[in-house]
Amino acid sequence: MAKVAKIDASGIYYRELNQQIRRLATEGAQQIELHNVCGQRYIGTNLDRPVEIEIFGTPGNDLGAFMNGSEITVNGNAQDGCGNTMNEGKIVIQGHAGDIIGSSARGGKIFIKGSVSYRTGIHMKEYQNKQPAIVIGGTTQDFVGEYMAGGILVLLGLNLNGGENHKACFIGTGMHGGVIYIRGGIEDYQLGKEVGIAELAENDHQILHQLVSEFSSYFGYNAELILNHRFIKLFPRYLRPYGRLYAY
């Protein structure tokens, strides 16, 4: 049976809370429950071994930053910077999340039941055999996938009414790697000039089936119903869209 440790985070300063988490991980805890979390930052950062962390409350910025194999579940909303520069692992958020989710991530997965704010997936990249993925159940604000250099972004729009379009603009601005899948309506003016639109190939269907099935397993959705809808694929049209601005 997995060794479970519990922490009541009420009134604990974020540095002290993270010190407790690191100590428990070092001592061999396999699962850590954090109760009454309220804005403490950097949870899941700088652990010397992978653990499962379950959070009850609202964690602060940079949840799982630089994470290297742990798994975090948030029973509620999350703030900005979840998965910042994440290398490996998984973050599952049962509510909404803030800005710059998955910023510069180079591996791991992030699943969000609700919607996110601005600049999700900015500077996402791939490293060796690692390929980060972010699946968003709802919608997003502007600049999703900005400067993407690798990885997979999936925007499901499950909160949209029938026939309603996504509202985000500047999608994929500066994108030069990776792929964005969008379920639901989108207009050309909402896209960055650096991205092209394509219909899905067989490989794309396989990728979506795997990610949407995993998403559905966390949040109680029917994956087949979600997938039984038209998706579009956004891809980078240029390898270095702004290279000429810096050339002598």
# chains A, B, ... in the order shown; residues from 1 in each chain; ligands from 1
call {"tool": "residues_around", "arguments": {"residues": "A:Met175", "least_positions_apart": "3", "cutoff": "6 Å", "atoms": "only C-alpha atoms", "output": "list of chain:residue names"}}
result
A:Glu146, A:Tyr147, A:Met148, A:Gly172, A:Pro236
call {"tool": "select_by_dssp", "arguments": {"residues": "stretch 62-216 of chain A", "states": "alpha helix (DSSP H)", "output": "count of residues only"}}
result
15
call {"tool": "residues_around", "arguments": {"residues": "A:Lys3", "least_positions_apart": "3", "cutoff": "8 Å", "atoms": "only C-alpha atoms", "output": "mmCIF file with N, CA and C atoms, in the first residue's frame"}}
result
data_model
loop_
_atom_site.group_PDB
_atom_site.id
_atom_site.type_symbol
_atom_site.label_atom_id
_atom_site.label_comp_id
_atom_site.auth_asym_id
_atom_site.auth_seq_id
_atom_site.Cartn_x
_atom_site.Cartn_y
_atom_site.Cartn_z
ATOM 1 N N GLY A 28 10.306 9.177 1.697
ATOM 2 C CA GLY A 28 9.685 8.033 1.054
ATOM 3 C C GLY A 28 8.190 8.101 0.850
ATOM 4 N N ALA A 29 7.565 9.226 1.166
ATOM 5 C CA ALA A 29 6.119 9.345 0.922
ATOM 6 C C ALA A 29 5.843 9.215 -0.575
ATOM 7 N N GLN A 30 4.870 8.376 -0.922
ATOM 8 C CA GLN A 30 4.501 8.196 -2.322
ATOM 9 C C GLN A 30 3.320 9.076 -2.714
ATOM 10 N N GLN A 31 2.480 9.391 -1.752
ATOM 11 C CA GLN A 31 1.321 10.260 -1.992
ATOM 12 C C GLN A 31 1.265 11.306 -0.891
#
call {"tool": "residues_around", "arguments": {"residues": "A:Leu63", "least_positions_apart": "6", "cutoff": "6 Å", "atoms": "only C-alpha atoms", "output": "PyMOL selection string"}}
result
chain A and resi 42-43+82
call {"tool": "closest_residue", "arguments": {"among": "A:Thr58, A:Tyr221, A:Thr120, A:Val74", "to": "A:Ser10", "atoms": "only C-alpha atoms"}}
result
A:Thr58
call {"tool": "residues_around", "arguments": {"residues": "stretch 15-20 of chain A", "least_positions_apart": "3", "cutoff": "12 Å", "atoms": "only C-alpha atoms", "output": "PyMOL selection string"}}
result
chain A and resi 5-12+23-27+29+32-48+53+59+63-64
call {"tool": "write_last_selection", "arguments": {"atoms": "N, CA and C atoms", "output": "compact mmCIF listing (two decimals), in the first residue's frame"}}
result
# COMPACT_ATOMS: atom_id res chain seq x y z
N ALA A 5 0.91 10.81 3.05
CA ALA A 5 1.13 11.84 4.07
C ALA A 5 0.16 12.98 3.83
N LYS A 6 -0.28 13.63 4.91
CA LYS A 6 -1.23 14.73 4.81
C LYS A 6 -0.67 15.96 5.50
N ILE A 7 -0.92 17.11 4.87
CA ILE A 7 -0.50 18.40 5.42
C ILE A 7 -1.70 19.34 5.42
N ASP A 8 -1.95 19.98 6.54
CA ASP A 8 -2.91 21.07 6.60
C ASP A 8 -2.14 22.36 6.32
N ALA A 9 -2.39 22.95 5.14
CA ALA A 9 -1.61 24.10 4.69
C ALA A 9 -2.15 25.43 5.20
N SER A 10 -3.15 25.42 6.05
CA SER A 10 -3.74 26.66 6.55
C SER A 10 -2.68 27.56 7.18
N GLY A 11 -2.51 28.75 6.62
CA GLY A 11 -1.61 29.73 7.22
C GLY A 11 -0.14 29.44 7.09
N ILE A 12 0.24 28.41 6.34
CA ILE A 12 1.65 28.07 6.19
C ILE A 12 2.24 28.86 5.02
N ARG A 23 10.67 17.31 2.27
CA ARG A 23 11.11 16.41 3.33
C ARG A 23 10.32 15.10 3.28
N LEU A 24 9.01 15.19 3.10
CA LEU A 24 8.19 13.98 3.03
C LEU A 24 8.57 13.11 1.83
N ALA A 25 8.83 13.76 0.71
CA ALA A 25 9.23 13.02 -0.49
C ALA A 25 10.56 12.31 -0.25
N THR A 26 11.51 13.01 0.35
CA THR A 26 12.82 12.42 0.65
C THR A 26 12.69 11.24 1.60
N GLU A 27 11.74 11.32 2.53
CA GLU A 27 11.54 10.25 3.51
C GLU A 27 10.76 9.07 2.95
N ALA A 29 7.57 9.23 1.17
CA ALA A 29 6.12 9.35 0.92
C ALA A 29 5.84 9.22 -0.58
N ILE A 32 1.02 12.54 -1.28
CA ILE A 32 0.93 13.64 -0.33
C ILE A 32 -0.38 14.39 -0.58
N GLU A 33 -1.19 14.52 0.45
CA GLU A 33 -2.43 15.31 0.36
C GLU A 33 -2.20 16.66 1.02
N LEU A 34 -2.56 17.72 0.32
CA LEU A 34 -2.44 19.08 0.85
C LEU A 34 -3.85 19.64 1.01
N HIS A 35 -4.23 19.96 2.24
CA HIS A 35 -5.57 20.48 2.50
C HIS A 35 -5.49 21.97 2.85
N ASN A 36 -6.57 22.69 2.50
CA ASN A 36 -6.69 24.12 2.82
C ASN A 36 -5.58 24.95 2.18
N VAL A 37 -5.20 24.57 0.97
CA VAL A 37 -4.21 25.35 0.23
C VAL A 37 -4.84 26.66 -0.22
N CYS A 38 -4.11 27.75 -0.06
CA CYS A 38 -4.65 29.07 -0.42
C CYS A 38 -3.53 29.96 -0.93
N GLY A 39 -3.17 29.79 -2.20
CA GLY A 39 -2.23 30.69 -2.86
C GLY A 39 -0.77 30.37 -2.69
N GLN A 40 -0.42 29.28 -2.01
CA GLN A 40 1.01 28.97 -1.86
C GLN A 40 1.62 28.60 -3.22
N ARG A 41 2.77 29.18 -3.50
CA ARG A 41 3.42 29.04 -4.81
C ARG A 41 4.39 27.85 -4.85
N TYR A 42 4.75 27.49 -6.08
CA TYR A 42 5.83 26.54 -6.38
C TYR A 42 5.60 25.13 -5.85
N ILE A 43 4.36 24.76 -5.57
CA ILE A 43 4.10 23.41 -5.08
C ILE A 43 4.52 22.39 -6.14
N GLY A 44 5.29 21.39 -5.71
CA GLY A 44 5.76 20.36 -6.63
C GLY A 44 7.07 20.66 -7.30
N THR A 45 7.69 21.78 -6.94
CA THR A 45 8.96 22.17 -7.54
C THR A 45 10.13 21.61 -6.72
N ASN A 46 11.19 21.22 -7.42
CA ASN A 46 12.45 20.85 -6.78
C ASN A 46 12.32 19.64 -5.86
N LEU A 47 11.58 18.63 -6.32
CA LEU A 47 11.50 17.37 -5.57
C LEU A 47 12.59 16.42 -6.07
N ASP A 48 13.18 15.66 -5.16
CA ASP A 48 14.28 14.78 -5.57
C ASP A 48 13.79 13.42 -6.04
N ILE A 53 0.81 14.22 -5.71
CA ILE A 53 0.36 15.29 -4.81
C ILE A 53 -1.09 15.62 -5.16
N PRO A 59 -4.02 26.46 -5.36
CA PRO A 59 -2.58 26.71 -5.29
C PRO A 59 -2.22 28.02 -6.00
N LEU A 63 2.68 26.35 -10.09
CA LEU A 63 2.43 24.99 -9.63
C LEU A 63 3.15 24.01 -10.55
N GLY A 64 3.96 23.12 -9.97
CA GLY A 64 4.65 22.12 -10.78
C GLY A 64 5.73 22.69 -11.68
call {"tool": "residues_around", "arguments": {"residues": "A:Asn84", "least_positions_apart": "6", "cutoff": "8 Å", "atoms": "only C-alpha atoms", "output": "MDAnalysis selection string"}}
result
chainID A and resid 62:66 100:105
call {"tool": "write_last_selection", "arguments": {"atoms": "N, CA and C atoms", "output": "PDB file, in the first residue's frame"}}
result
ATOM      1  N   ASP A  62       2.974  29.108 -10.515  1.00  0.00           N
ATOM      2  CA  ASP A  62       4.075  28.178 -10.802  1.00  0.00           C
ATOM      3  C   ASP A  62       3.905  26.826 -10.122  1.00  0.00           C
ATOM      4  N   LEU A  63       2.682  26.351 -10.086  1.00  0.00           N
ATOM      5  CA  LEU A  63       2.428  24.992  -9.626  1.00  0.00           C
ATOM      6  C   LEU A  63       3.152  24.008 -10.550  1.00  0.00           C
ATOM      7  N   GLY A  64       3.961  23.117  -9.972  1.00  0.00           N
ATOM      8  CA  GLY A  64       4.649  22.119 -10.783  1.00  0.00           C
ATOM      9  C   GLY A  64       5.734  22.685 -11.678  1.00  0.00           C
ATOM     10  N   ALA A  65       6.256  23.870 -11.369  1.00  0.00           N
ATOM     11  CA  ALA A  65       7.321  24.456 -12.187  1.00  0.00           C
ATOM     12  C   ALA A  65       8.558  23.564 -12.156  1.00  0.00           C
ATOM     13  N   PHE A  66       9.177  23.382 -13.306  1.00  0.00           N
ATOM     14  CA  PHE A  66      10.389  22.562 -13.446  1.00  0.00           C
ATOM     15  C   PHE A  66      10.168  21.115 -12.972  1.00  0.00           C
ATOM     16  N   ILE A 100      -0.451  31.849 -18.846  1.00  0.00           N
ATOM     17  CA  ILE A 100       0.806  31.177 -19.213  1.00  0.00           C
ATOM     18  C   ILE A 100       0.896  29.741 -18.687  1.00  0.00           C
ATOM     19  N   ILE A 101      -0.160  28.982 -18.870  1.00  0.00           N
ATOM     20  CA  ILE A 101      -0.136  27.575 -18.482  1.00  0.00           C
ATOM     21  C   ILE A 101       0.814  26.818 -19.418  1.00  0.00           C
ATOM     22  N   GLY A 102       1.708  26.026 -18.846  1.00  0.00           N
ATOM     23  CA  GLY A 102       2.647  25.256 -19.662  1.00  0.00           C
ATOM     24  C   GLY A 102       3.719  26.086 -20.327  1.00  0.00           C
ATOM     25  N   SER A 103       4.008  27.263 -19.806  1.00  0.00           N
ATOM     26  CA  SER A 103       5.029  28.122 -20.400  1.00  0.00           C
ATOM     27  C   SER A 103       6.371  27.395 -20.490  1.00  0.00           C
ATOM     28  N   SER A 104       6.916  27.314 -21.690  1.00  0.00           N
ATOM     29  CA  SER A 104       8.232  26.719 -21.942  1.00  0.00           C
ATOM     30  C   SER A 104       8.323  25.250 -21.545  1.00  0.00           C
ATOM     31  N   ALA A 105       7.197  24.588 -21.387  1.00  0.00           N
ATOM     32  CA  ALA A 105       7.239  23.153 -21.051  1.00  0.00           C
ATOM     33  C   ALA A 105       7.939  22.378 -22.152  1.00  0.00           C
TER      34      ALA A 105
END
call {"tool": "residues_around", "arguments": {"residues": "A:Arg240", "least_positions_apart": "3", "cutoff": "10 Å", "atoms": "only C-alpha atoms", "output": "PDB file with N, CA and C atoms, in the first residue's frame"}}
result
ATOM      1  N   ALA A 149       7.218  26.188 -30.119  1.00  0.00           N
ATOM      2  CA  ALA A 149       8.302  25.556 -30.862  1.00  0.00           C
ATOM      3  C   ALA A 149       8.146  24.041 -30.912  1.00  0.00           C
ATOM      4  N   GLY A 174       3.520  33.735 -33.952  1.00  0.00           N
ATOM      5  CA  GLY A 174       4.931  33.392 -33.831  1.00  0.00           C
ATOM      6  C   GLY A 174       5.207  31.905 -33.757  1.00  0.00           C
ATOM      7  N   MET A 175       4.200  31.094 -33.956  1.00  0.00           N
ATOM      8  CA  MET A 175       4.362  29.638 -33.855  1.00  0.00           C
ATOM      9  C   MET A 175       5.340  29.134 -34.907  1.00  0.00           C
ATOM     10  N   HIS A 176       6.298  28.282 -34.504  1.00  0.00           N
ATOM     11  CA  HIS A 176       7.261  27.722 -35.461  1.00  0.00           C
ATOM     12  C   HIS A 176       7.546  26.245 -35.206  1.00  0.00           C
ATOM     13  N   GLY A 177       6.683  25.604 -34.429  1.00  0.00           N
ATOM     14  CA  GLY A 177       6.780  24.177 -34.181  1.00  0.00           C
ATOM     15  C   GLY A 177       5.562  23.693 -33.430  1.00  0.00           C
ATOM     16  N   GLU A 194       1.260  33.366 -38.814  1.00  0.00           N
ATOM     17  CA  GLU A 194       2.296  32.344 -38.946  1.00  0.00           C
ATOM     18  C   GLU A 194       1.743  30.929 -39.026  1.00  0.00           C
ATOM     19  N   PRO A 236       2.573  25.327 -38.025  1.00  0.00           N
ATOM     20  CA  PRO A 236       3.411  26.481 -38.359  1.00  0.00           C
ATOM     21  C   PRO A 236       3.756  26.510 -39.843  1.00  0.00           C
ATOM     22  N   ARG A 237       3.609  27.651 -40.449  1.00  0.00           N
ATOM     23  CA  ARG A 237       3.925  27.802 -41.864  1.00  0.00           C
ATOM     24  C   ARG A 237       5.404  28.062 -42.096  1.00  0.00           C
ATOM     25  N   GLY A 243      12.862  35.465 -38.240  1.00  0.00           N
ATOM     26  CA  GLY A 243      14.310  35.420 -38.408  1.00  0.00           C
ATOM     27  C   GLY A 243      14.868  36.619 -39.158  1.00  0.00           C
ATOM     28  N   ARG A 244      14.143  37.093 -40.168  1.00  0.00           N
ATOM     29  CA  ARG A 244      14.678  38.181 -40.985  1.00  0.00           C
ATOM     30  C   ARG A 244      14.742  39.496 -40.215  1.00  0.00           C
TER      31      ARG A 244
END
call {"tool": "closest_residue", "arguments": {"among": "A:Ser217, A:Ser70, A:Asn87, A:Asn77", "to": "A:Gln131", "atoms": "only C-alpha atoms"}}
result
A:Asn87
